[in-house]
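File shown: data-v5.cif. Contents: mmCIF, C-alpha atoms.
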```
data_protein
#
loop_
_atom_site.label_atom_id
_atom_site.label_comp_id
_atom_site.auth_asym_id
_atom_site.auth_seq_id
_atom_site.Cartn_x
_atom_site.Cartn_y
_atom_site.Cartn_z
CA MET E 1 198.53 224.40 274.34
CA PRO E 2 200.76 221.74 275.94
CA ASP E 3 204.04 220.84 274.31
CA ARG E 4 203.92 218.08 271.72
CA GLY E 5 206.91 215.83 271.33
CA SER E 6 208.62 214.19 268.37
CA ASP E 7 211.94 212.65 267.49
CA LEU E 8 212.27 214.85 264.40
CA LEU E 9 210.55 218.07 263.40
CA ILE E 10 210.89 219.39 259.85
CA ILE E 11 210.10 223.04 259.20
CA GLY E 12 208.63 223.63 255.75
CA ALA E 13 206.11 221.64 253.68
CA GLY E 14 207.61 222.52 250.32
CA ILE E 15 208.91 219.79 248.07
CA VAL E 16 212.33 219.49 249.77
CA GLY E 17 210.90 219.34 253.29
CA LEU E 18 208.30 216.77 252.26
CA ALA E 19 210.79 214.67 250.30
CA THR E 20 213.07 214.65 253.36
CA ALA E 21 210.19 213.56 255.57
CA LEU E 22 209.30 210.80 253.12
CA LYS E 23 212.89 209.49 253.13
CA VAL E 24 212.86 209.55 256.95
CA THR E 25 209.71 207.43 257.09
CA ARG E 26 211.39 204.85 254.87
CA ARG E 27 214.81 204.76 256.55
CA PHE E 28 213.69 205.32 260.16
CA PRO E 29 210.11 204.04 260.27
CA GLN E 30 209.95 204.08 264.09
CA MET E 31 210.90 207.75 264.31
CA ARG E 32 208.14 210.08 265.49
CA LEU E 33 207.97 212.74 262.78
CA ILE E 34 206.18 216.10 262.56
CA ILE E 35 206.28 218.58 259.66
CA VAL E 36 205.13 222.14 260.34
CA ASP E 37 204.36 224.86 257.83
CA LYS E 38 202.95 228.35 258.20
CA GLU E 39 200.53 227.96 255.29
CA THR E 40 197.26 226.02 255.22
CA ARG E 41 198.37 223.82 252.30
CA VAL E 42 201.53 222.11 251.15
CA ALA E 43 203.67 223.48 248.29
CA ALA E 44 202.34 227.01 248.75
CA HIS E 45 205.46 228.91 247.71
CA GLN E 46 208.42 228.02 245.46
CA THR E 47 207.10 224.51 244.78
CA GLY E 48 203.64 225.74 243.84
CA HIS E 49 205.02 228.46 241.56
CA ASN E 50 207.47 226.18 239.76
CA SER E 51 207.63 225.92 235.96
CA GLY E 52 207.26 222.14 236.20
CA VAL E 53 210.45 221.12 234.39
CA ILE E 54 212.20 217.86 235.25
CA HIS E 55 215.71 219.15 234.62
CA SER E 56 218.39 216.95 233.08
CA GLY E 57 221.53 218.16 234.92
CA LEU E 58 222.98 219.84 231.84
CA TYR E 59 224.07 223.20 233.23
CA TYR E 60 225.72 222.50 236.55
CA LYS E 61 229.41 222.39 237.38
CA THR E 62 230.67 218.83 237.04
CA GLY E 63 231.11 217.22 240.45
CA SER E 64 228.84 219.70 242.25
CA LEU E 65 225.96 218.57 244.46
CA LYS E 66 223.63 220.14 241.91
CA ALA E 67 225.03 218.13 239.01
CA ARG E 68 225.19 214.85 240.88
CA ASN E 69 221.77 215.12 242.44
CA CYS E 70 220.02 216.50 239.36
CA VAL E 71 220.98 213.66 237.02
CA ALA E 72 220.05 211.05 239.62
CA GLY E 73 217.07 213.11 240.73
CA ALA E 74 215.52 213.29 237.28
CA ALA E 75 215.55 209.49 237.12
CA SER E 76 214.20 209.21 240.68
CA MET E 77 211.42 211.71 239.96
CA LYS E 78 210.28 209.83 236.86
CA ARG E 79 210.29 206.51 238.74
CA PHE E 80 208.31 208.04 241.58
CA CYS E 81 205.70 209.44 239.20
CA GLN E 82 205.37 206.10 237.41
CA GLU E 83 204.99 204.20 240.69
CA HIS E 84 202.42 206.58 242.17
CA GLY E 85 200.36 207.64 239.18
CA VAL E 86 201.55 211.25 238.97
CA VAL E 87 201.24 212.52 235.39
CA PHE E 88 204.54 213.47 233.74
CA GLU E 89 206.01 213.51 230.26
CA GLU E 90 209.55 213.05 229.00
CA CYS E 91 209.18 215.56 226.17
CA GLY E 92 212.82 216.64 225.77
CA LYS E 93 214.11 220.14 225.03
CA LEU E 94 216.29 222.05 222.62
CA VAL E 95 218.99 224.53 223.68
CA VAL E 96 219.38 226.75 220.62
CA ALA E 97 222.34 228.83 219.43
CA THR E 98 220.96 231.77 217.46
CA THR E 99 224.28 233.58 216.82
CA ARG E 100 227.75 232.39 215.83
CA ASP E 101 229.33 233.42 219.14
CA GLU E 102 226.90 231.15 221.00
CA VAL E 103 228.00 228.01 219.11
CA PRO E 104 231.24 227.40 221.11
CA ARG E 105 229.31 227.95 224.36
CA LEU E 106 226.72 225.41 223.24
CA GLU E 107 229.45 222.91 222.41
CA ALA E 108 230.97 223.47 225.86
CA LEU E 109 227.52 222.90 227.38
CA HIS E 110 227.30 219.63 225.45
CA GLN E 111 230.64 218.54 226.92
CA ARG E 112 229.61 219.52 230.43
CA GLY E 113 226.32 217.66 230.14
CA ALA E 114 228.10 214.53 228.91
CA ALA E 115 230.57 214.79 231.82
CA ASN E 116 227.62 215.07 234.21
CA GLY E 117 226.12 211.86 232.83
CA VAL E 118 223.11 213.42 231.09
CA PRO E 119 221.86 210.71 228.71
CA GLY E 120 221.16 211.00 224.99
CA LEU E 121 222.63 214.43 224.22
CA VAL E 122 222.85 215.17 220.49
CA MET E 123 224.05 218.25 218.59
CA LEU E 124 221.69 219.04 215.71
CA GLN E 125 221.98 221.32 212.71
CA ARG E 126 219.14 223.60 211.68
CA GLU E 127 217.42 221.18 209.29
CA GLN E 128 217.57 218.47 211.98
CA PHE E 129 216.20 220.44 214.93
CA ARG E 130 213.43 221.94 212.82
CA GLU E 131 212.04 218.43 212.44
CA ILE E 132 211.48 218.57 216.21
CA GLU E 133 210.50 222.25 216.51
CA PRO E 134 209.38 223.43 213.04
CA HIS E 135 208.99 227.09 214.08
CA CYS E 136 212.35 227.37 215.87
CA ALA E 137 215.16 229.47 214.39
CA GLY E 138 218.88 229.21 215.01
CA ILE E 139 222.20 227.89 213.74
CA CYS E 140 222.36 224.65 215.71
CA ALA E 141 220.80 223.15 218.81
CA LEU E 142 221.57 220.69 221.58
CA GLN E 143 218.83 218.09 221.97
CA VAL E 144 218.26 217.02 225.59
CA PRO E 145 215.81 214.11 225.36
CA SER E 146 215.73 213.33 229.10
CA THR E 147 214.15 216.66 230.08
CA GLY E 148 210.56 216.24 231.24
CA ILE E 149 207.55 218.11 232.61
CA VAL E 150 205.39 217.46 235.67
CA ASP E 151 203.13 219.29 238.14
CA TYR E 152 205.30 219.61 241.26
CA THR E 153 202.32 220.53 243.42
CA ALA E 154 200.84 217.12 242.59
CA VAL E 155 204.20 215.51 243.45
CA ALA E 156 204.33 217.33 246.80
CA GLN E 157 200.75 216.32 247.60
CA LYS E 158 201.63 212.69 246.89
CA TYR E 159 204.69 212.98 249.16
CA ALA E 160 202.43 214.33 251.93
CA GLU E 161 199.90 211.54 251.43
CA LEU E 162 202.60 208.86 251.72
CA ILE E 163 204.14 210.52 254.79
CA GLN E 164 200.81 210.57 256.62
CA ARG E 165 200.08 206.99 255.57
CA SER E 166 203.40 206.03 257.19
CA GLY E 167 202.53 207.75 260.48
CA GLY E 168 204.11 211.16 259.97
CA GLU E 169 202.12 214.17 261.14
CA LEU E 170 201.59 217.33 259.09
CA VAL E 171 200.70 220.47 261.05
CA LEU E 172 199.65 223.40 258.86
CA GLY E 173 198.98 227.00 259.87
CA ALA E 174 201.95 226.75 262.24
CA LYS E 175 204.37 229.60 261.53
CA VAL E 176 207.58 229.26 263.53
CA VAL E 177 208.11 232.25 265.81
CA ALA E 178 210.95 231.00 268.04
CA LEU E 179 213.61 228.29 268.12
CA ARG E 180 215.60 227.48 271.25
CA GLN E 181 217.40 224.73 273.12
CA ASP E 182 216.24 223.42 276.49
CA SER E 183 218.31 220.71 278.17
CA GLY E 184 219.46 219.32 274.86
CA THR E 185 216.00 219.37 273.32
CA ASN E 186 214.84 221.73 270.58
CA ILE E 187 211.84 223.88 271.44
CA VAL E 188 209.98 225.08 268.35
CA GLU E 189 207.33 227.68 269.10
CA THR E 190 204.73 228.17 266.37
CA ARG E 191 201.37 229.82 265.95
CA GLY E 192 199.92 226.32 265.89
CA GLY E 193 201.45 225.22 269.19
CA THR E 194 204.79 224.54 270.85
CA PHE E 195 206.76 221.43 269.89
CA ARG E 196 209.65 219.59 271.50
CA ALA E 197 211.89 217.69 269.11
CA ARG E 198 215.16 215.85 269.55
CA TYR E 199 216.22 216.88 266.04
CA VAL E 200 215.14 219.69 263.69
CA ILE E 201 215.64 220.15 259.96
CA ASN E 202 215.05 223.65 258.63
CA CYS E 203 213.62 223.45 255.09
CA ALA E 204 212.00 226.88 255.18
CA GLY E 205 213.03 227.89 251.66
CA LEU E 206 212.54 231.64 251.28
CA TYR E 207 212.98 232.06 255.05
CA SER E 208 215.70 229.47 255.67
CA ASP E 209 218.25 232.15 256.61
CA THR E 210 215.78 233.81 259.00
CA LEU E 211 215.22 230.55 260.85
CA THR E 212 218.94 229.77 260.88
CA ARG E 213 219.55 233.07 262.67
CA MET E 214 216.53 232.45 264.90
CA ALA E 215 218.31 229.29 266.07
CA GLY E 216 221.31 231.41 267.07
CA VAL E 217 223.53 230.38 264.17
CA GLU E 218 225.72 233.01 262.55
CA THR E 219 225.88 232.78 258.77
CA ASN E 220 227.26 235.08 256.10
CA LEU E 221 224.40 234.19 253.73
CA GLU E 222 221.25 236.16 253.03
CA ILE E 223 218.32 235.03 250.92
CA ILE E 224 217.75 237.58 248.15
CA PRO E 225 214.39 236.99 246.44
CA PHE E 226 214.23 237.20 242.63
CA ARG E 227 210.80 237.27 241.01
CA GLY E 228 210.40 235.58 237.66
CA GLU E 229 207.45 236.70 235.53
CA TYR E 230 205.91 234.64 232.75
CA TYR E 231 203.69 235.24 229.78
CA GLU E 232 201.40 232.50 228.50
CA VAL E 233 201.15 231.74 224.79
CA ARG E 234 197.52 232.07 223.71
CA PRO E 235 195.87 228.69 222.96
CA GLU E 236 195.52 229.32 219.23
CA ARG E 237 199.29 229.92 218.96
CA ARG E 238 200.58 227.05 221.12
CA HIS E 239 201.47 225.12 217.95
CA LEU E 240 204.54 227.36 217.66
CA VAL E 241 206.18 225.38 220.49
CA LYS E 242 206.04 221.58 220.69
CA ALA E 243 208.00 221.06 223.92
CA LEU E 244 210.78 223.16 225.54
CA ILE E 245 213.03 225.67 223.76
CA TYR E 246 215.88 227.35 225.70
CA PRO E 247 218.60 229.84 224.71
CA VAL E 248 222.30 229.23 225.30
CA PRO E 249 222.86 230.66 228.80
CA ASP E 250 225.09 233.69 229.27
CA PRO E 251 227.97 232.60 231.57
CA ARG E 252 228.14 236.11 233.05
CA PHE E 253 224.64 235.78 234.48
CA PRO E 254 223.36 233.09 236.88
CA PHE E 255 219.93 232.64 235.30
CA LEU E 256 219.02 230.76 232.11
CA GLY E 257 217.31 233.54 230.15
CA VAL E 258 213.75 233.62 228.82
CA HIS E 259 212.58 230.37 227.28
CA PHE E 260 209.50 228.40 226.23
CA THR E 261 208.05 225.68 228.45
CA ARG E 262 205.11 223.45 227.71
CA ARG E 263 203.23 222.38 230.85
CA VAL E 264 201.61 219.01 231.51
CA ASN E 265 198.18 220.67 231.12
CA GLY E 266 199.07 221.63 227.53
CA SER E 267 199.65 225.35 228.12
CA VAL E 268 202.89 227.02 227.01
CA GLU E 269 204.76 229.54 229.18
CA ALA E 270 207.28 232.09 227.97
CA GLY E 271 209.78 233.54 230.42
CA PRO E 272 210.86 234.17 233.08
CA ASN E 273 212.78 237.37 233.57
CA ALA E 274 214.72 237.81 236.84
CA LEU E 275 213.77 240.81 238.94
CA LEU E 276 214.80 241.83 242.44
CA ALA E 277 211.61 241.35 244.42
CA PHE E 278 212.31 243.07 247.78
CA ARG E 279 209.53 240.81 249.07
CA ARG E 280 210.17 237.16 249.71
CA GLU E 281 206.66 236.19 248.72
CA GLY E 282 206.40 238.84 246.01
CA TYR E 283 204.62 236.80 243.37
CA THR E 284 202.27 239.53 242.20
CA GLY E 285 204.58 242.51 241.86
CA ALA E 286 203.10 244.04 245.02
CA PRO E 287 205.02 246.90 246.68
CA PRO E 288 208.12 245.88 248.66
CA ASP E 289 207.75 244.50 252.16
CA MET E 290 209.58 247.31 253.94
CA GLN E 291 211.00 245.15 256.72
CA GLU E 292 212.30 242.56 254.26
CA ALA E 293 213.54 245.23 251.89
CA MET E 294 215.52 246.89 254.69
CA GLU E 295 217.06 243.54 255.64
CA THR E 296 218.26 243.19 252.06
CA LEU E 297 219.53 246.76 251.83
CA ARG E 298 221.44 246.46 255.11
CA PHE E 299 223.24 243.34 253.90
CA PRO E 300 226.71 244.28 252.52
CA GLY E 301 226.63 241.36 250.10
CA PHE E 302 223.59 242.83 248.34
CA TRP E 303 225.47 245.98 247.32
CA LYS E 304 228.49 243.98 246.15
CA MET E 305 226.17 241.77 244.09
CA ALA E 306 224.41 244.83 242.69
CA ARG E 307 227.72 246.31 241.52
CA LYS E 308 228.48 243.08 239.65
CA TYR E 309 225.11 242.67 237.95
CA TRP E 310 223.56 246.13 237.68
CA ARG E 311 223.62 246.17 233.88
CA MET E 312 221.87 242.83 233.70
CA GLY E 313 219.43 243.98 236.36
CA LEU E 314 218.49 247.07 234.37
CA ALA E 315 218.01 244.98 231.22
CA GLU E 316 215.73 242.58 233.08
CA GLN E 317 213.72 245.44 234.54
CA TYR E 318 213.38 247.05 231.10
CA ARG E 319 212.02 243.80 229.68
CA ALA E 320 209.53 243.65 232.55
CA TRP E 321 208.27 247.18 231.76
CA VAL E 322 208.36 246.92 227.96
CA LYS E 323 206.55 243.88 226.57
CA SER E 324 208.03 244.35 223.11
CA ALA E 325 211.54 243.94 224.57
CA PHE E 326 210.47 240.69 226.26
CA VAL E 327 208.99 239.46 222.98
CA ALA E 328 212.15 240.44 221.06
CA ALA E 329 214.22 238.08 223.24
CA LEU E 330 211.76 235.26 222.58
CA ARG E 331 211.61 235.95 218.82
CA LYS E 332 215.31 235.10 218.52
CA MET E 333 214.22 231.49 219.00
CA VAL E 334 210.69 231.59 217.51
CA PRO E 335 210.54 234.45 214.96
CA GLU E 336 206.83 233.95 214.16
CA LEU E 337 205.84 234.92 217.71
CA GLN E 338 203.89 238.18 217.89
CA GLU E 339 203.32 240.44 220.87
CA SER E 340 199.58 239.73 220.60
CA ASP E 341 200.31 235.99 221.04
CA LEU E 342 201.22 236.47 224.70
CA ALA E 343 198.88 236.96 227.65
CA GLN E 344 200.00 237.79 231.17
CA GLY E 345 200.94 234.60 233.02
CA GLY E 346 202.01 233.67 236.50
CA SER E 347 205.20 234.31 238.43
CA GLY E 348 207.51 232.65 240.90
CA VAL E 349 210.13 233.70 243.42
CA ARG E 350 213.58 232.12 243.60
CA ALA E 351 215.25 232.04 247.01
CA GLN E 352 218.82 232.86 246.00
CA ALA E 353 221.46 232.79 248.72
CA VAL E 354 224.09 235.53 248.44
CA ASP E 355 227.22 235.64 250.58
CA ALA E 356 228.84 238.66 252.22
CA ASN E 357 231.14 239.14 249.22
CA GLY E 358 228.21 239.47 246.84
CA ASN E 359 228.59 236.01 245.30
CA LEU E 360 225.45 234.16 244.30
CA VAL E 361 225.82 230.79 246.02
CA ASP E 362 225.72 228.36 243.12
CA ASP E 363 225.50 224.98 244.85
CA PHE E 364 223.29 223.47 247.52
CA HIS E 365 224.42 224.66 250.95
CA PHE E 366 223.78 223.25 254.43
CA VAL E 367 224.61 224.67 257.89
CA HIS E 368 224.68 222.64 261.11
CA SER E 369 223.97 223.58 264.70
CA ALA E 370 223.21 221.57 267.82
CA ASN E 371 220.82 218.80 266.75
CA MET E 372 219.73 220.90 263.75
CA ILE E 373 220.39 220.90 260.02
CA HIS E 374 219.63 224.11 258.14
CA VAL E 375 219.01 223.72 254.39
CA CYS E 376 220.16 227.22 253.44
CA ASN E 377 220.39 227.13 249.65
CA VAL E 378 218.53 224.72 247.38
CA PRO E 379 217.67 226.66 244.22
CA SER E 380 216.72 225.00 240.93
CA PRO E 381 216.93 222.05 240.32
CA ALA E 382 215.63 221.48 243.86
CA ALA E 383 212.23 220.17 242.75
CA THR E 384 213.73 217.80 240.16
CA ALA E 385 216.32 216.56 242.64
CA SER E 386 214.10 216.61 245.74
CA LEU E 387 214.31 212.87 246.43
CA GLU E 388 218.10 212.85 246.00
CA ILE E 389 218.57 216.00 248.10
CA ALA E 390 216.39 214.33 250.74
CA ARG E 391 218.59 211.24 250.62
CA GLU E 392 221.67 213.45 251.22
CA ILE E 393 219.98 215.26 254.11
CA VAL E 394 218.86 212.04 255.80
CA GLU E 395 222.33 210.53 255.42
CA MET E 396 223.77 213.76 256.86
CA MET E 397 221.32 213.50 259.75
CA ALA E 398 222.19 209.84 260.39
CA GLN E 399 225.92 210.56 260.50
CA ARG E 400 225.80 213.84 262.38
CA PHE E 401 223.34 212.65 265.01
CA ASP E 402 224.84 209.12 265.19
CA LEU E 403 221.58 207.39 264.32
CA ALA E 404 221.63 203.63 263.84
#
```

Would you put the structure from the file into structure tokens?
Amino acid sequence: MPDRGSDLLIIGAGIVGLATALKVTRRFPQMRLIIVDKETRVAAHQTGHNSGVIHSGLYYKTGSLKARNCVAGAASMKRFCQEHGVVFEECGKLVVATTRDEVPRLEALHQRGAANGVPGLVMLQREQFREIEPHCAGICALQVPSTGIVDYTAVAQKYAELIQRSGGELVLGAKVVALRQDSGTNIVETRGGTFRARYVINCAGLYSDTLTRMAGVETNLEIIPFRGEYYEVRPERRHLVKALIYPVPDPRFPFLGVHFTRRVNGSVEAGPNALLAFRREGYTGAPPDMQEAMETLRFPGFWKMARKYWRMGLAEQYRAWVKSAFVAALRKMVPELQESDLAQGGSGVRAQAVDANGNLVDDFHFVHSANMIHVCNVPSPAATASLEIAREIVEMMAQRFDLA
């Protein structure tokens, strides 16, 4: 197949890649744009396995890219959905302290959220929060009214529709197999053809580090996949949860803990846990991908991370094997929940970047090479903040590549 040319080629048709493409069509409408993805549909991986929460920006370190982009991104996401007819709901959530030692951490979370600009935060005592969630137990709770729910696959599909309407091209079934430079032009070889592009943005998510190295860029980051498994509350017991109920996060651990999430279709999820997947697309608990597992095991940062978090890892694995242990964690917040109330639900995989020292990279992280931008770490709240992250990437592209 002959080479096909473009001004900009974006790798990855997940929500960040598509949001970036959409921003490009609006800021640089004359730019010839192609998005390639190895799957036959958009939003096939992290976006399509997302819990659907429009996050508020409560948890993130004040001043970080995450905090700044999440608060603005939640507002942008809601505006986008209103303008384009995508169903969403601003249902709010409660973060509940169930023990005395969690109360100071919840108060600190309240202060952080206020510093981040999260609107409408209110600390509630038990009799107050039970007016919102009658079946919820605890000492006190932080009400976060700006939290919402949406179907991010529907959002991504709307992004793709608008991109194509503006002249952008979406090429699916085009897995990237090689990246190289030729006389100042990027050559992107895929299973759907070979493309020439003046500029490339790597939004490959679970494989962003692989493509960064494919482009000849050295990085001390490795994507370590964590699978999160959910149960679904049976329809006749959904009344136990009105909206979203979260625990106070443990500062020693980078994940939020098991929680309850109502979806826009009315279902209620419970979870997730956080398990090492050893397979980047390990949504089903299938055996490890041996090549990907060996890449992880050869990475020094993995072993340093494992030494830091092995106790937590064992606890998460135990909860995955023993349903009653999973339910016990949930019953701290909703004591009426029974093991029989939960049916097996779906799962997702989080692309978590880990550095060579075993640190879980907490903020969004970008790497640059000749005429390329590599989006190497955009974990949650990437979907919520997708339009704001895209704005940052396009501004980065304009400055780095000296675009008018």

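Residues selected in this file by the PyMOL selection byres ((chain E and resi 376-393) around 6) comprise Val16, Ala19, Thr20, Ile54, Asn69, Cys70, Gly73, Ala74, Ser208, Ala353, Phe364, His365, Phe366, His374, Val375, Val394, Glu395 and Met396 of chain E.
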
**Message:** Report as a PyMOL selection string all protein, DNA and RNA residues lying within 7 Å of segment 260-270 of chain E, evaluated on all atoms listed in the file, omitting residues in the same chain fewer than 2 positions from it.
**Reply:** chain E and resi 52+88+149-151+230-233+238+243-246+258+272

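Picture a line from atom CA of Arg331 of chain E to atom CA of Leu109 of chain E; it runs 22.3 Å.
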
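We find atom CA of Cys136 of chain E and atom CA of Val248 of chain E to be spaced 13.8 Å apart.
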
**Message:** Evaluate the PyMOL selection byres ((chain E and resi 111) around 12) against this structure - the residues, as a ChimeraX atom specification, please.
**Reply:** /E:58-62,104-110,112-119,121-123,142

**Request:** Please write as a ChimeraX atom specification the full residue list that the PyMOL selection byres ((chain E and resi 14) around 7) yields on this file.
**Result:** /E:12-13,15-18,42-43,47

Could you save the residues just selected, with C-alpha atoms, as an mmCIF file, in the coordinates of the input?
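In the end it all went to selection.cif:
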```cif
data_model
loop_
_atom_site.group_PDB
_atom_site.id
_atom_site.type_symbol
_atom_site.label_atom_id
_atom_site.label_comp_id
_atom_site.auth_asym_id
_atom_site.auth_seq_id
_atom_site.Cartn_x
_atom_site.Cartn_y
_atom_site.Cartn_z
ATOM 1 C CA GLY E 12 208.630 223.630 255.750
ATOM 2 C CA ALA E 13 206.110 221.640 253.680
ATOM 3 C CA ILE E 15 208.910 219.790 248.070
ATOM 4 C CA VAL E 16 212.330 219.490 249.770
ATOM 5 C CA GLY E 17 210.900 219.340 253.290
ATOM 6 C CA LEU E 18 208.300 216.770 252.260
ATOM 7 C CA VAL E 42 201.530 222.110 251.150
ATOM 8 C CA ALA E 43 203.670 223.480 248.290
ATOM 9 C CA THR E 47 207.100 224.510 244.780
#
```

**Request:** Write out as a PyMOL selection string which residues come within 10 Å of segment 188-192 of chain E when counting only C-alpha atoms, dropping same-chain ones fewer than 3 positions away.
**Result:** chain E and resi 1+3-4+9+11+36-38+171-181+185+195-197+200+215

**Fill in**
atom CA of Thr194 of chain E sits from atom CA of Val217 of chain E at a separation of 20.7 Å

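Using all atoms listed in the file for every distance, the candidate list E:Ala315, E:Arg237, E:Cys81, E:His368 yields E:Arg237 as the residue closest to Ser340 of chain E.
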
Please write out, as lines of an AutoDock Vina configuration file, where the centre of an axis-aligned box around all listed atoms of segment 135-142 of chain E lies and how long its edges are, in Å to one decimal, after adding 4 Å on each side.
```
center_x = 215.7
center_y = 225.1
center_z = 217.7
size_x = 21.4
size_y = 16.8
size_z = 15.8
```

**Request:** Return the single residue from E:Val241, E:Ile35, E:Ile132, E:Val144 that is closest to Glu336 of chain E, with distances computed using all atoms listed in the file.
**Result:** E:Val241

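With distances taken over all atoms listed in the file, E:Arg32 is the one residue among E:Arg400, E:Lys304, E:Arg279, E:Arg32 lying closest to Gln164 of chain E.
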